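Visitor: File follows, input.txt with compact mmCIF, C-alpha atoms and all ligand atoms:
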# COMPACT_ATOMS: atom_id res chain seq x y z
CA MET L 547 -45.53 3.53 24.72
CA ILE L 548 -47.16 4.15 28.05
CA SER L 549 -47.58 7.82 27.29
CA ARG L 550 -49.47 7.05 24.14
CA ASN L 551 -52.11 5.03 26.00
CA LEU L 552 -52.21 7.11 29.17
CA PRO L 553 -53.18 10.73 29.41
CA ASN L 554 -50.18 12.83 30.42
CA PHE L 555 -51.66 14.06 33.67
CA LEU L 556 -51.89 10.44 34.89
CA LEU L 557 -48.35 9.51 34.00
CA LYS L 558 -46.67 11.64 36.62
CA PRO L 559 -48.68 10.38 39.62
CA LEU L 560 -48.17 6.85 38.36
CA MET L 561 -44.40 7.22 38.19
CA ASN L 562 -44.42 8.85 41.63
CA PHE L 563 -46.34 5.96 42.99
CA VAL L 564 -43.90 3.45 41.53
CA LEU L 565 -41.04 5.41 43.05
CA LEU L 566 -42.73 5.49 46.45
CA VAL L 567 -43.33 1.76 46.40
CA TYR L 568 -39.71 1.19 45.46
CA LEU L 569 -38.46 3.47 48.26
CA PHE L 570 -40.73 1.83 50.79
CA PHE L 571 -39.48 -1.65 49.98
CA SER L 572 -35.85 -0.68 49.71
CA LYS L 573 -36.12 0.85 53.17
CA LEU L 574 -37.72 -2.29 54.53
CA PHE L 575 -35.06 -4.59 53.24
CA HIS L 576 -32.01 -2.39 53.39
CA VAL L 577 -30.08 -4.37 56.01
CA ASP L 578 -28.89 -7.26 53.91
CA PHE L 579 -30.12 -9.62 51.30
CA GLU L 580 -32.13 -12.27 53.00
CA PRO L 581 -30.81 -15.80 52.91
CA LYS L 582 -32.80 -18.14 50.73
CA GLU L 583 -33.52 -20.85 53.25
CA LYS L 584 -37.25 -20.95 53.86
CA LEU L 585 -38.78 -21.95 57.12
CA ASP L 586 -39.93 -25.52 57.32
CA ASP L 587 -43.71 -25.31 57.06
CA SER L 588 -44.31 -28.68 58.62
CA TYR L 589 -44.99 -27.34 62.10
CA THR L 590 -48.65 -26.95 61.50
CA LYS L 591 -50.64 -29.76 63.05
CA PHE L 592 -50.32 -29.90 66.79
CA ASN L 593 -51.80 -32.20 69.27
CA SER L 594 -53.67 -30.34 71.95
CA PHE L 595 -51.52 -28.75 74.64
CA ASP L 596 -53.39 -30.72 77.26
CA ASP L 597 -52.78 -34.15 75.77
CA PRO L 598 -50.53 -36.38 77.83
CA LEU L 599 -47.34 -37.83 76.39
CA PRO L 600 -47.62 -41.25 74.79
CA VAL L 601 -46.72 -44.40 76.64
CA ILE L 602 -43.24 -45.25 75.51
CA GLU L 603 -42.35 -48.87 75.16
CA GLN L 604 -38.74 -49.61 74.54
CA LEU L 605 -37.90 -53.21 73.86
CA ASN L 606 -34.87 -54.27 75.79
CA TYR L 607 -33.09 -57.49 74.91
CA GLN L 608 -31.77 -57.97 78.41
CA GLU L 609 -35.27 -57.99 79.86
CA ILE L 610 -36.48 -60.39 77.18
CA LEU L 611 -33.52 -62.74 77.80
CA ALA L 612 -34.07 -62.66 81.55
CA GLU L 613 -37.77 -63.37 81.15
CA ALA L 614 -37.10 -66.26 78.76
CA LYS L 615 -34.63 -67.75 81.19
CA GLU L 616 -37.11 -67.46 84.03
CA ASN L 617 -39.68 -69.31 81.93
CA GLY L 618 -37.26 -72.15 81.43
CA GLN L 619 -36.71 -71.40 77.72
CA PRO L 620 -33.44 -69.47 77.60
CA ILE L 621 -32.51 -67.87 74.28
CA LYS L 622 -29.05 -68.88 73.14
CA PRO L 623 -26.83 -67.00 70.67
CA VAL L 624 -27.05 -68.10 67.04
CA ASN L 625 -24.94 -71.10 66.17
CA ARG L 626 -23.27 -69.47 63.18
CA ARG L 627 -21.37 -71.29 60.47
CA LYS L 628 -20.84 -68.38 58.10
CA PRO L 629 -20.33 -64.77 59.22
CA LEU L 630 -23.11 -62.23 58.57
CA THR L 631 -22.82 -60.57 55.17
CA VAL L 632 -23.90 -57.14 56.45
CA GLU L 633 -22.15 -54.81 58.87
CA VAL L 634 -24.33 -54.53 61.95
CA GLU L 635 -23.74 -54.05 65.67
CA LYS L 636 -27.08 -54.90 67.20
CA CYS L 637 -30.79 -55.44 66.69
CA SER L 638 -32.42 -52.17 65.63
CA GLU L 639 -35.46 -52.95 67.76
CA CYS L 640 -34.32 -54.44 71.07
CA GLY L 641 -30.58 -53.78 71.00
CA ALA L 642 -29.54 -57.44 71.17
CA PRO L 643 -25.88 -57.86 70.19
CA LYS L 644 -24.76 -59.32 66.87
CA LYS L 645 -24.48 -62.88 68.16
CA TYR L 646 -28.29 -63.09 68.36
CA LEU L 647 -28.85 -62.08 64.73
CA TYR L 648 -29.11 -64.33 61.71
CA SER L 649 -29.58 -63.83 57.97
CA PHE L 650 -33.17 -64.09 56.81
CA GLY L 651 -33.38 -63.88 53.02
CA HIS L 652 -33.73 -60.67 51.05
CA ASP L 653 -36.35 -57.97 51.00
CA PRO L 654 -38.21 -57.07 47.73
CA ASP L 655 -35.49 -54.53 46.83
CA GLY L 656 -32.78 -57.16 47.17
CA TYR L 657 -31.36 -56.01 50.52
CA GLN L 658 -30.14 -58.73 52.88
CA LYS L 659 -32.60 -59.13 55.74
CA LEU L 660 -31.73 -60.11 59.28
CA GLN L 661 -33.83 -61.54 62.04
CA CYS L 662 -33.27 -61.07 65.74
CA LYS L 663 -33.50 -64.27 67.74
CA VAL L 664 -34.44 -62.34 70.86
CA CYS L 665 -37.39 -60.23 69.67
CA ASP L 666 -38.11 -61.75 66.22
CA HIS L 667 -37.69 -58.34 64.58
CA GLN L 668 -36.79 -58.49 60.89
CA TRP L 669 -35.13 -55.70 58.97
CA ALA L 670 -32.66 -54.91 56.21
CA PRO L 671 -29.85 -52.89 57.82
CA GLU L 672 -28.42 -51.60 54.56
CA LYS L 673 -31.69 -50.21 53.27
CA PRO L 674 -31.02 -46.48 52.90
CA GLU L 675 -34.05 -44.93 54.61
CA LEU L 676 -33.78 -47.09 57.67
CA ARG L 677 -32.51 -45.43 60.81
CA SER L 678 -30.11 -47.51 62.84
CA SER L 679 -31.15 -46.27 66.28
CA ASN L 680 -33.60 -48.48 68.05
CA ARG L 681 -36.85 -46.66 68.10
CA PRO L 682 -39.34 -47.29 70.87
CA THR L 683 -42.99 -48.04 70.30
CA TYR L 684 -45.21 -45.11 71.17
CA ARG L 685 -48.67 -45.96 72.40
CA CYS L 686 -51.66 -43.64 72.44
CA PRO L 687 -52.34 -42.54 76.04
CA PHE L 688 -56.08 -42.60 75.30
CA CYS L 689 -56.48 -46.06 73.81
CA GLY L 690 -53.17 -47.89 74.07
CA TYR L 691 -52.94 -48.33 70.30
CA ALA L 692 -49.44 -48.25 68.84
CA LEU L 693 -49.02 -44.87 67.11
CA SER L 694 -48.19 -45.00 63.45
CA LYS L 695 -45.62 -42.86 61.74
CA GLU L 696 -47.15 -39.95 59.88
CA LYS L 697 -44.15 -37.97 58.63
CA GLU L 698 -40.41 -37.77 59.10
CA ARG L 699 -38.81 -34.37 59.40
CA LYS L 700 -35.27 -33.23 59.95
CA HIS L 701 -35.34 -33.30 63.73
CA PHE L 702 -38.49 -35.17 64.55
CA THR L 703 -40.95 -37.83 63.51
CA LYS L 704 -44.67 -37.24 63.67
CA TYR L 705 -46.88 -39.99 65.01
CA LYS L 706 -50.61 -40.33 64.95
CA CYS L 707 -53.18 -42.62 66.54
CA ARG L 708 -55.22 -44.17 63.73
CA ASN L 709 -57.55 -46.16 65.95
CA ASP L 710 -61.17 -45.33 65.10
CA ASP L 711 -62.26 -46.50 68.54
CA CYS L 712 -59.85 -44.13 70.29
CA SER L 713 -61.68 -42.08 72.93
CA LYS L 714 -59.89 -38.92 71.82
CA TRP L 715 -61.11 -39.42 68.25
CA LYS L 716 -64.62 -40.31 69.36
CA ASN L 717 -65.03 -37.43 71.81
CA GLU L 718 -63.14 -34.62 70.13
CA HIS L 719 -62.94 -35.70 66.52
CA LYS L 720 -59.24 -35.11 66.65
CA ARG L 721 -56.52 -37.70 66.30
CA TYR L 722 -53.95 -38.00 69.05
CA ARG L 723 -50.62 -36.78 67.68
CA TYR L 724 -47.11 -36.84 68.99
CA ARG L 725 -43.81 -35.61 67.70
CA ALA L 726 -40.72 -37.49 68.77
CA TYR L 727 -37.55 -35.40 68.60
CA ASP L 728 -34.23 -36.94 67.79
CA PHE L 729 -32.61 -34.82 70.50
CA ASP L 730 -33.15 -34.54 74.22
CA VAL L 731 -35.05 -31.35 74.95
CA GLU L 732 -33.83 -31.36 78.56
CA ASN L 733 -30.20 -31.42 77.50
CA LEU L 734 -30.21 -28.66 74.89
CA GLU L 735 -27.68 -25.94 75.57
CA VAL L 736 -27.14 -22.64 73.79
CA SER L 737 -24.02 -22.51 71.66
CA ARG L 738 -20.82 -21.68 73.51
CA PRO L 739 -17.18 -21.63 72.41
CA ASP L 740 -15.75 -24.99 73.37
CA LYS L 741 -12.13 -24.26 72.53
CA GLU L 742 -9.42 -22.29 74.22
CA PRO L 743 -6.84 -21.75 71.48
CA VAL L 744 -4.44 -19.81 73.72
CA ASN L 745 -3.78 -19.63 77.42
CA LEU L 746 -4.50 -16.01 78.29
CA ASP L 747 -2.51 -16.22 81.51
CA HIS L 748 0.68 -16.95 79.63
CA SER L 749 0.34 -14.33 76.90
CA GLN L 750 3.44 -12.21 76.36
CA TYR L 751 1.12 -9.20 75.93
CA GLY L 752 -0.48 -9.33 79.36
CA ASN L 753 -4.01 -8.65 80.55
CA PHE L 754 -3.95 -4.92 79.92
CA ILE L 755 -3.33 -5.24 76.17
CA ILE L 756 -5.77 -8.12 75.86
CA SER L 757 -8.57 -6.19 77.50
CA LYS L 758 -7.77 -3.10 75.40
CA ALA L 759 -8.03 -5.29 72.31
CA MET L 760 -11.51 -6.33 73.49
CA ASP L 761 -12.46 -2.68 74.01
CA PHE L 762 -11.54 -2.01 70.39
CA TYR L 763 -12.85 -5.20 68.80
CA VAL L 764 -16.02 -5.83 70.80
CA GLY L 765 -16.66 -2.42 72.34
CA LEU L 766 -15.97 -0.12 69.41
CA GLY L 767 -16.82 -2.71 66.79
CA LEU L 768 -13.54 -2.46 64.90
CA SER L 769 -12.55 -5.31 62.61
CA LEU L 770 -9.66 -7.55 63.63
CA ARG L 771 -7.33 -5.68 61.29
CA GLN L 772 -8.43 -2.30 62.59
CA THR L 773 -7.98 -3.55 66.15
CA LYS L 774 -4.47 -4.61 65.26
CA ARG L 775 -3.75 -1.12 63.91
CA ALA L 776 -5.35 0.59 66.90
CA LEU L 777 -3.16 -1.42 69.31
CA LYS L 778 -0.10 -0.46 67.32
CA LEU L 779 -1.02 3.23 67.30
CA ALA L 780 -2.07 3.44 70.93
CA TYR L 781 0.29 1.04 72.68
CA ASN L 782 2.97 0.26 70.10
CA VAL L 783 2.38 -3.50 70.26
CA SER L 784 1.80 -5.73 67.23
CA PRO L 785 -0.12 -8.92 67.90
CA SER L 786 -1.39 -10.51 64.67
CA ALA L 787 -5.07 -10.47 63.73
CA GLN L 788 -5.10 -14.23 64.39
CA THR L 789 -3.71 -13.68 67.88
CA ILE L 790 -6.46 -11.17 68.66
CA GLN L 791 -9.02 -13.65 67.32
CA ASN L 792 -7.53 -16.35 69.58
CA TRP L 793 -7.80 -14.04 72.60
CA THR L 794 -11.48 -13.49 71.78
CA VAL L 795 -12.24 -17.20 71.53
CA SER L 796 -10.31 -18.04 74.69
CA LEU L 797 -11.89 -15.22 76.67
CA ALA L 798 -15.39 -16.17 75.49
CA HIS L 799 -14.65 -19.77 76.41
CA ARG L 800 -13.68 -18.67 79.92
CA LEU L 801 -16.49 -16.20 80.50
CA GLY L 802 -19.27 -18.03 78.63
CA PRO L 803 -20.10 -20.53 81.37
CA ASN L 804 -20.49 -17.69 83.90
CA ILE L 805 -23.05 -15.74 81.92
CA LYS L 806 -26.02 -17.64 83.27
CA ASP L 807 -24.96 -16.99 86.86
CA LEU L 808 -24.53 -13.25 86.46
CA ASP L 809 -27.07 -10.89 87.91
CA LEU L 810 -29.84 -10.28 85.36
CA PRO L 811 -32.98 -8.37 86.27
CA LEU L 812 -35.95 -10.11 84.65
CA SER L 813 -39.11 -8.11 84.03
CA GLY L 814 -41.38 -11.02 83.11
CA ILE L 815 -41.49 -10.13 79.41
CA VAL L 816 -39.13 -11.77 76.96
CA ALA L 817 -38.90 -10.88 73.28
CA VAL L 818 -37.35 -13.53 71.07
CA ASP L 819 -36.39 -13.47 67.41
CA GLU L 820 -33.67 -14.54 65.06
CA THR L 821 -31.52 -12.74 62.54
CA TYR L 822 -28.91 -13.94 60.09
CA ILE L 823 -25.20 -13.39 59.98
CA LYS L 824 -22.60 -14.63 57.56
CA ILE L 825 -19.84 -17.00 58.57
CA LYS L 826 -17.30 -18.02 55.96
CA GLY L 827 -19.75 -16.87 53.31
CA SER L 828 -22.73 -18.92 54.45
CA TRP L 829 -25.76 -17.78 56.41
CA HIS L 830 -26.19 -18.65 60.04
CA TYR L 831 -28.98 -17.78 62.41
CA LEU L 832 -28.63 -15.88 65.62
CA PHE L 833 -31.48 -16.57 68.02
CA THR L 834 -31.73 -13.85 70.63
CA ALA L 835 -33.88 -13.35 73.71
CA ILE L 836 -34.10 -9.86 75.17
CA ASP L 837 -35.81 -8.60 78.27
CA GLY L 838 -38.82 -6.63 77.06
CA LYS L 839 -38.51 -3.88 79.66
CA ASN L 840 -34.86 -3.33 80.52
CA GLY L 841 -33.44 -4.37 77.17
CA CYS L 842 -30.68 -6.67 78.40
CA ILE L 843 -29.80 -9.80 76.46
CA ILE L 844 -31.00 -12.91 78.27
CA ALA L 845 -29.62 -15.49 75.86
CA GLN L 846 -28.20 -16.00 72.40
CA HIS L 847 -27.85 -19.10 70.32
CA LEU L 848 -25.98 -19.40 67.04
CA SER L 849 -27.19 -22.10 64.68
CA LYS L 850 -26.67 -23.23 61.12
CA HIS L 851 -30.41 -23.59 60.71
CA ARG L 852 -33.48 -21.55 61.39
CA ASP L 853 -35.44 -24.42 62.81
CA ALA L 854 -37.51 -25.59 65.74
CA LYS L 855 -34.45 -27.05 67.43
CA GLY L 856 -32.90 -23.58 67.61
CA ALA L 857 -36.13 -22.07 68.95
CA ILE L 858 -36.49 -24.81 71.57
CA THR L 859 -32.85 -24.33 72.60
CA ILE L 860 -33.21 -20.64 73.30
CA LEU L 861 -36.59 -21.09 74.99
CA LYS L 862 -35.09 -23.70 77.29
CA ARG L 863 -32.36 -21.21 78.28
CA ILE L 864 -35.02 -18.58 79.09
CA ILE L 865 -36.96 -21.10 81.16
CA ASP L 866 -33.79 -22.03 83.05
CA GLN L 867 -33.05 -18.37 83.69
CA TYR L 868 -36.55 -17.77 85.04
CA GLN L 869 -36.30 -20.72 87.43
CA GLY L 870 -39.97 -21.51 87.61
CA ARG L 871 -41.30 -17.95 87.60
CA ASP L 872 -43.86 -16.95 84.96
CA PHE L 873 -43.02 -14.88 81.93
CA VAL L 874 -44.65 -13.75 78.70
CA LEU L 875 -42.87 -14.76 75.51
CA VAL L 876 -43.27 -12.37 72.58
CA SER L 877 -42.31 -13.54 69.12
CA ASP L 878 -43.30 -13.03 65.52
CA MET L 879 -45.64 -15.48 63.78
CA ALA L 880 -42.88 -17.95 62.87
CA PRO L 881 -44.25 -21.43 63.66
CA ILE L 882 -40.93 -22.55 65.14
CA TYR L 883 -41.78 -20.64 68.33
CA ARG L 884 -45.16 -22.37 68.62
CA THR L 885 -43.30 -25.64 68.32
CA ALA L 886 -40.87 -24.53 71.01
CA VAL L 887 -43.67 -23.55 73.39
CA HIS L 888 -45.27 -26.90 72.74
CA ALA L 889 -42.04 -28.78 73.43
CA ALA L 890 -41.59 -26.79 76.66
CA LYS L 891 -45.03 -27.91 77.76
CA ALA L 892 -44.49 -31.54 76.79
CA PHE L 893 -40.90 -32.06 77.85
CA LEU L 894 -40.05 -29.37 80.40
CA LYS L 895 -43.46 -29.24 82.11
CA THR L 896 -43.49 -25.48 81.62
CA ASP L 897 -46.47 -23.45 80.47
CA VAL L 898 -45.35 -20.44 78.52
CA ASP L 899 -47.68 -17.52 77.94
CA HIS L 900 -46.91 -16.95 74.27
CA ARG L 901 -47.94 -13.83 72.34
CA GLN L 902 -47.26 -13.69 68.64
CA VAL L 903 -47.08 -10.35 66.93
CA LYS L 904 -48.14 -10.25 63.31
CA GLY L 905 -46.19 -8.68 60.48
CA LEU L 906 -46.09 -5.05 59.55
CA PHE L 907 -49.12 -5.08 57.33
CA THR L 908 -51.79 -6.24 59.73
CA ASP L 909 -53.28 -4.12 62.44
CA ASP L 910 -56.60 -4.10 64.26
CA ASP L 911 -55.61 -6.93 66.57
CA ASN L 912 -55.46 -5.55 70.07
CA SER L 913 -52.90 -7.90 71.56
CA ASP L 914 -50.68 -7.01 68.64
CA GLU L 915 -50.55 -3.40 69.70
CA VAL L 916 -49.80 -4.28 73.30
CA TYR L 917 -46.87 -6.55 72.47
CA ARG L 918 -45.47 -4.96 69.34
CA PRO L 919 -43.21 -2.56 71.27
CA TYR L 920 -41.39 -5.56 72.76
CA LYS L 921 -40.89 -6.95 69.30
CA ASN L 922 -39.48 -3.60 68.22
CA ILE L 923 -36.94 -3.72 71.06
CA ILE L 924 -35.41 -6.85 69.62
CA GLU L 925 -35.46 -5.47 66.09
CA ARG L 926 -33.61 -2.42 67.32
CA PHE L 927 -31.08 -4.70 68.97
CA PHE L 928 -30.47 -6.57 65.71
CA GLY L 929 -30.06 -3.23 63.97
CA THR L 930 -27.45 -2.19 66.54
CA TYR L 931 -25.63 -5.48 66.32
CA LYS L 932 -25.58 -5.49 62.53
CA ALA L 933 -24.33 -1.93 62.36
CA HIS L 934 -21.72 -2.95 64.89
CA TYR L 935 -20.39 -5.96 63.08
CA LYS L 936 -20.79 -4.55 59.56
CA ARG L 937 -17.07 -3.90 59.32
CA HIS L 938 -16.44 -7.60 59.64
CA LYS L 939 -18.73 -8.37 56.70
CA SER L 940 -18.36 -12.08 57.27
CA PHE L 941 -16.85 -13.91 60.21
CA SER L 942 -14.02 -16.23 59.27
CA SER L 943 -15.00 -19.07 61.59
CA PHE L 944 -17.94 -20.33 63.64
CA ASP L 945 -15.88 -20.16 66.83
CA GLY L 946 -14.81 -16.62 66.03
CA ALA L 947 -18.41 -15.51 65.44
CA LEU L 948 -19.59 -17.28 68.57
CA ALA L 949 -16.83 -15.69 70.65
CA HIS L 950 -17.68 -12.24 69.33
CA LEU L 951 -21.36 -12.75 70.13
CA THR L 952 -20.65 -14.06 73.61
CA LEU L 953 -18.44 -11.11 74.45
CA TYR L 954 -20.84 -8.68 72.79
CA GLN L 955 -23.63 -9.98 75.02
CA LEU L 956 -21.56 -9.15 78.12
CA TYR L 957 -20.51 -5.80 76.67
CA PHE L 958 -24.08 -4.93 75.75
CA ASN L 959 -25.48 -5.81 79.17
CA TYR L 960 -22.80 -4.46 81.45
CA ILE L 961 -20.70 -1.83 79.67
CA LYS L 962 -22.34 -0.28 76.63
CA PRO L 963 -23.90 3.13 77.26
CA HIS L 964 -27.50 3.17 75.99
CA SER L 965 -29.18 6.42 75.13
CA SER L 966 -32.46 5.02 76.45
CA PHE L 967 -30.84 4.37 79.83
CA ASP L 968 -29.41 7.79 80.47
CA ASN L 969 -26.18 6.74 78.75
CA LYS L 970 -25.63 3.88 81.14
CA ALA L 971 -25.57 0.16 80.57
CA PRO L 972 -28.85 -1.74 81.16
CA LEU L 973 -27.13 -3.25 84.18
CA VAL L 974 -24.73 -1.05 86.03
CA VAL L 975 -22.21 -3.09 87.97
CA GLU L 976 -19.69 -1.54 90.30
CA ASP L 977 -16.08 -2.25 91.10
CA SER L 978 -14.75 -2.67 94.64
CA ARG L 979 -14.65 1.12 95.13
CA GLY L 980 -18.27 1.54 94.12
CA GLN L 981 -17.44 3.01 90.69
CA PRO L 982 -19.46 1.80 87.68
CA ILE L 983 -17.27 -0.36 85.49
CA ASN L 984 -16.76 0.70 81.90
CA SER L 985 -13.92 -1.34 80.44
CA TRP L 986 -13.17 -4.94 79.64
CA ALA L 987 -10.39 -5.09 82.21
CA GLN L 988 -12.87 -4.19 84.96
CA LEU L 989 -15.57 -6.45 83.58
CA ILE L 990 -13.26 -9.47 83.51
CA ARG L 991 -12.21 -8.79 87.08
CA TRP L 992 -15.86 -8.41 88.14
CA ILE L 993 -16.96 -11.65 86.46
CA ASN L 994 -14.08 -13.60 87.97
CA LYS L 995 -15.04 -12.30 91.39
CA THR L 996 -18.69 -13.22 90.88
CA ASP L 997 -17.48 -16.65 89.98
CA LYS L 998 -16.04 -17.24 93.43
ZN ZN E 1 -34.27 -57.75 68.65
ZN ZN E 2 -55.82 -43.46 70.46
Translate this file's structure into structure tokens.
Ligand SMILES: [Zn+2]
Ligand SMILES: [Zn+2]

Guide:
Amino acid sequence: MISRNLPNFLLKPLMNFVLLVYLFFSKLFHVDFEPKEKLDDSYTKFNSFDDPLPVIEQLNYQEILAEAKENGQPIKPVNRRKPLTVEVEKCSECGAPKKYLYSFGHDPDGYQKLQCKVCDHQWAPEKPELRSSNRPTYRCPFCGYALSKEKERKHFTKYKCRNDDCSKWKNEHKRYRYRAYDFDVENLEVSRPDKEPVNLDHSQYGNFIISKAMDFYVGLGLSLRQTKRALKLAYNVSPSAQTIQNWTVSLAHRLGPNIKDLDLPLSGIVAVDETYIKIKGSWHYLFTAIDGKNGCIIAQHLSKHRDAKGAITILKRIIDQYQGRDFVLVSDMAPIYRTAVHAAKAFLKTDVDHRQVKGLFTDDDNSDEVYRPYKNIIERFFGTYKAHYKRHKSFSSFDGALAHLTLYQLYFNYIKPHSSFDNKAPLVVEDSRGQPINSWAQLIRWINKTDK
């Protein structure tokens, strides 16, 4: 049909073109099918980086009770004849215990309402959208107005100052905005195996076999089954695949806490990105931070979601590692990293010099060209890691995946020969005789020594 409408000499170039486009895209996306989960696009409106945090007012029933007592009008618990008809522990506003709450009719949807005798707050505890935690009142640092809720998102609530007399609004024609996270930014930690399924010291196989298993599984990238076979062929021992998995998790659990204390040369440039891996058939996200110059892995974080919380978690780890020194953060355009930089400024008092590199199809931006190579470093790393773990196809458990990643990070930094580093590891560490270490047995010994 096409040939009838198109002259023949045009058909061939057209088909060639279609083929080229197909090849180009298949090359681009050859690694894996991308998971469907789209990035949350709600990270758009930011308050200015220079805005102070809001004034946080948390009602506290103990303070109110003490004040009332001081004023000669103490608040007594409710003299209850019938028990409350709803399950509730405390006032959602001031935290006053149950004995200060009484029933107060029903709301328009028919939910039983309660009133707190301490702070007069009324609410319907069984109403679905209500959160049980007691939320503080946030006040605008410019005008003192209570901020009103703008939007609720998975990990945070957006607030906005709606006061038309607010000095920020009057001077800058921008509303003061604040996002309250439902997690503590200061306490975020990258994922780490928290189980020790077996005691490695009491294994009937001994340290030699265990470290050989790690050389096969983590170093050579064999699957658990292949590792089992390799151990049988090389050393005539037959631990089960599950046993090898348990060794991995236990070893990662032991070594994981030491990673942050190990020697890590930091060049001042950090590339950060995330890729996806499959665990028990569902997609998970691996956030990774790599030193832009020497290529070593600074931090990894495995998360079920590709969200701002994950980005903030890995950024916090980088900030901790840098201990107050400056660094440049290079990422793609994903808004989660802007959110993370913003959270670092607001909650960790850290200014991060953030450079975002655009996608493959834009050019002509100068800063792009300067920082793109660092972005490529991390993409190469993901390529290496994916090729490495391809034999596994899908990890069978979160702990197993996490353990493999943790050990791979150590292997990658301290053992793996890199062609770009003269076939040495990014960080050459030496044993007691001054020889560079190149096996798991030596690495474990070295880490345990560093520990002391
Ligand atoms: Zn109350
Ligand atoms: Zn205001």

Visitor: At a cut-off of 7 Å around ligand ZN 1 (chain E), and using all atoms listed in the file, what residues come up? Please write them as a ChimeraX atom specification.

Guide: /L:607,637-642,662-667

Visitor: With C-alpha atoms retained, export the selected residues as a compact mmCIF listing (two decimals), in the frame of the given file.

Guide:
# COMPACT_ATOMS: atom_id res chain seq x y z
CA TYR L 607 -33.09 -57.49 74.91
CA CYS L 637 -30.79 -55.44 66.69
CA SER L 638 -32.42 -52.17 65.63
CA GLU L 639 -35.46 -52.95 67.76
CA CYS L 640 -34.32 -54.44 71.07
CA GLY L 641 -30.58 -53.78 71.00
CA ALA L 642 -29.54 -57.44 71.17
CA CYS L 662 -33.27 -61.07 65.74
CA LYS L 663 -33.50 -64.27 67.74
CA VAL L 664 -34.44 -62.34 70.86
CA CYS L 665 -37.39 -60.23 69.67
CA ASP L 666 -38.11 -61.75 66.22
CA HIS L 667 -37.69 -58.34 64.58

Visitor: In Å, rounded to a single decimal, give me how far atom CA of L:Gly856 is from atom CA of L:Thr834.

Guide: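 Going from atom CA of L:Thr834 over to atom CA of L:Gly856, I get 10.3 Å.
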
Visitor: Using only C-alpha atoms and all ligand atoms, I'd like a table of the residues in chain L that come within 10 Å of ligand ZN 2 (chain E); for each, show the closest atom pair and its distance in Å rounded to one decimal, ordered by chain and ascending number, as a Markdown table.

Guide:
| residue | atom | partner | partner_atom | distance |
| --- | --- | --- | --- | --- |
| L:Pro600 | CA | E:ZN2 | ZN | 9.5 |
| L:Arg685 | CA | E:ZN2 | ZN | 7.8 |
| L:Cys686 | CA | E:ZN2 | ZN | 4.6 |
| L:Pro687 | CA | E:ZN2 | ZN | 6.6 |
| L:Phe688 | CA | E:ZN2 | ZN | 4.9 |
| L:Cys689 | CA | E:ZN2 | ZN | 4.3 |
| L:Gly690 | CA | E:ZN2 | ZN | 6.3 |
| L:Tyr691 | CA | E:ZN2 | ZN | 5.7 |
| L:Ala692 | CA | E:ZN2 | ZN | 8.1 |
| L:Leu693 | CA | E:ZN2 | ZN | 7.7 |
| L:Lys706 | CA | E:ZN2 | ZN | 8.2 |
| L:Cys707 | CA | E:ZN2 | ZN | 4.8 |
| L:Arg708 | CA | E:ZN2 | ZN | 6.8 |
| L:Asn709 | CA | E:ZN2 | ZN | 5.5 |
| L:Asp710 | CA | E:ZN2 | ZN | 7.8 |
| L:Asp711 | CA | E:ZN2 | ZN | 7.4 |
| L:Cys712 | CA | E:ZN2 | ZN | 4.1 |
| L:Ser713 | CA | E:ZN2 | ZN | 6.5 |
| L:Lys714 | CA | E:ZN2 | ZN | 6.2 |
| L:Trp715 | CA | E:ZN2 | ZN | 7.0 |
| L:Lys716 | CA | E:ZN2 | ZN | 9.4 |
| L:Lys720 | CA | E:ZN2 | ZN | 9.8 |
| L:Arg721 | CA | E:ZN2 | ZN | 7.1 |
| L:Tyr722 | CA | E:ZN2 | ZN | 5.9 |
| L:Arg723 | CA | E:ZN2 | ZN | 8.9 |

Visitor: Enumerate, as a tab-separated table (two decimals) with C-alpha atoms, in the coordinates of the input, the protein, DNA and RNA residues whose atoms approach (-34.8, -17.9, 75.5) to within 10 Å, taking into account only C-alpha atoms and the coordinate frame of the file.

Guide:
chain	number	residue	atom	x	y	z
L	736	VAL	CA	-27.14	-22.64	73.79
L	816	VAL	CA	-39.13	-11.77	76.96
L	817	ALA	CA	-38.90	-10.88	73.28
L	818	VAL	CA	-37.35	-13.53	71.07
L	819	ASP	CA	-36.39	-13.47	67.41
L	833	PHE	CA	-31.48	-16.57	68.02
L	834	THR	CA	-31.73	-13.85	70.63
L	835	ALA	CA	-33.88	-13.35	73.71
L	836	ILE	CA	-34.10	-9.86	75.17
L	837	ASP	CA	-35.81	-8.60	78.27
L	843	ILE	CA	-29.80	-9.80	76.46
L	844	ILE	CA	-31.00	-12.91	78.27
L	845	ALA	CA	-29.62	-15.49	75.86
L	846	GLN	CA	-28.20	-16.00	72.40
L	847	HIS	CA	-27.85	-19.10	70.32
L	856	GLY	CA	-32.90	-23.58	67.61
L	857	ALA	CA	-36.13	-22.07	68.95
L	858	ILE	CA	-36.49	-24.81	71.57
L	859	THR	CA	-32.85	-24.33	72.60
L	860	ILE	CA	-33.21	-20.64	73.30
L	861	LEU	CA	-36.59	-21.09	74.99
L	862	LYS	CA	-35.09	-23.70	77.29
L	863	ARG	CA	-32.36	-21.21	78.28
L	864	ILE	CA	-35.02	-18.58	79.09
L	865	ILE	CA	-36.96	-21.10	81.16
L	866	ASP	CA	-33.79	-22.03	83.05
L	867	GLN	CA	-33.05	-18.37	83.69
L	868	TYR	CA	-36.55	-17.77	85.04
L	875	LEU	CA	-42.87	-14.76	75.51

Visitor: Between atom CA of L:Arg871 and atom CA of L:Leu810, what is the distance in Å, rounded to a tenth?

Guide: 14.0 Å
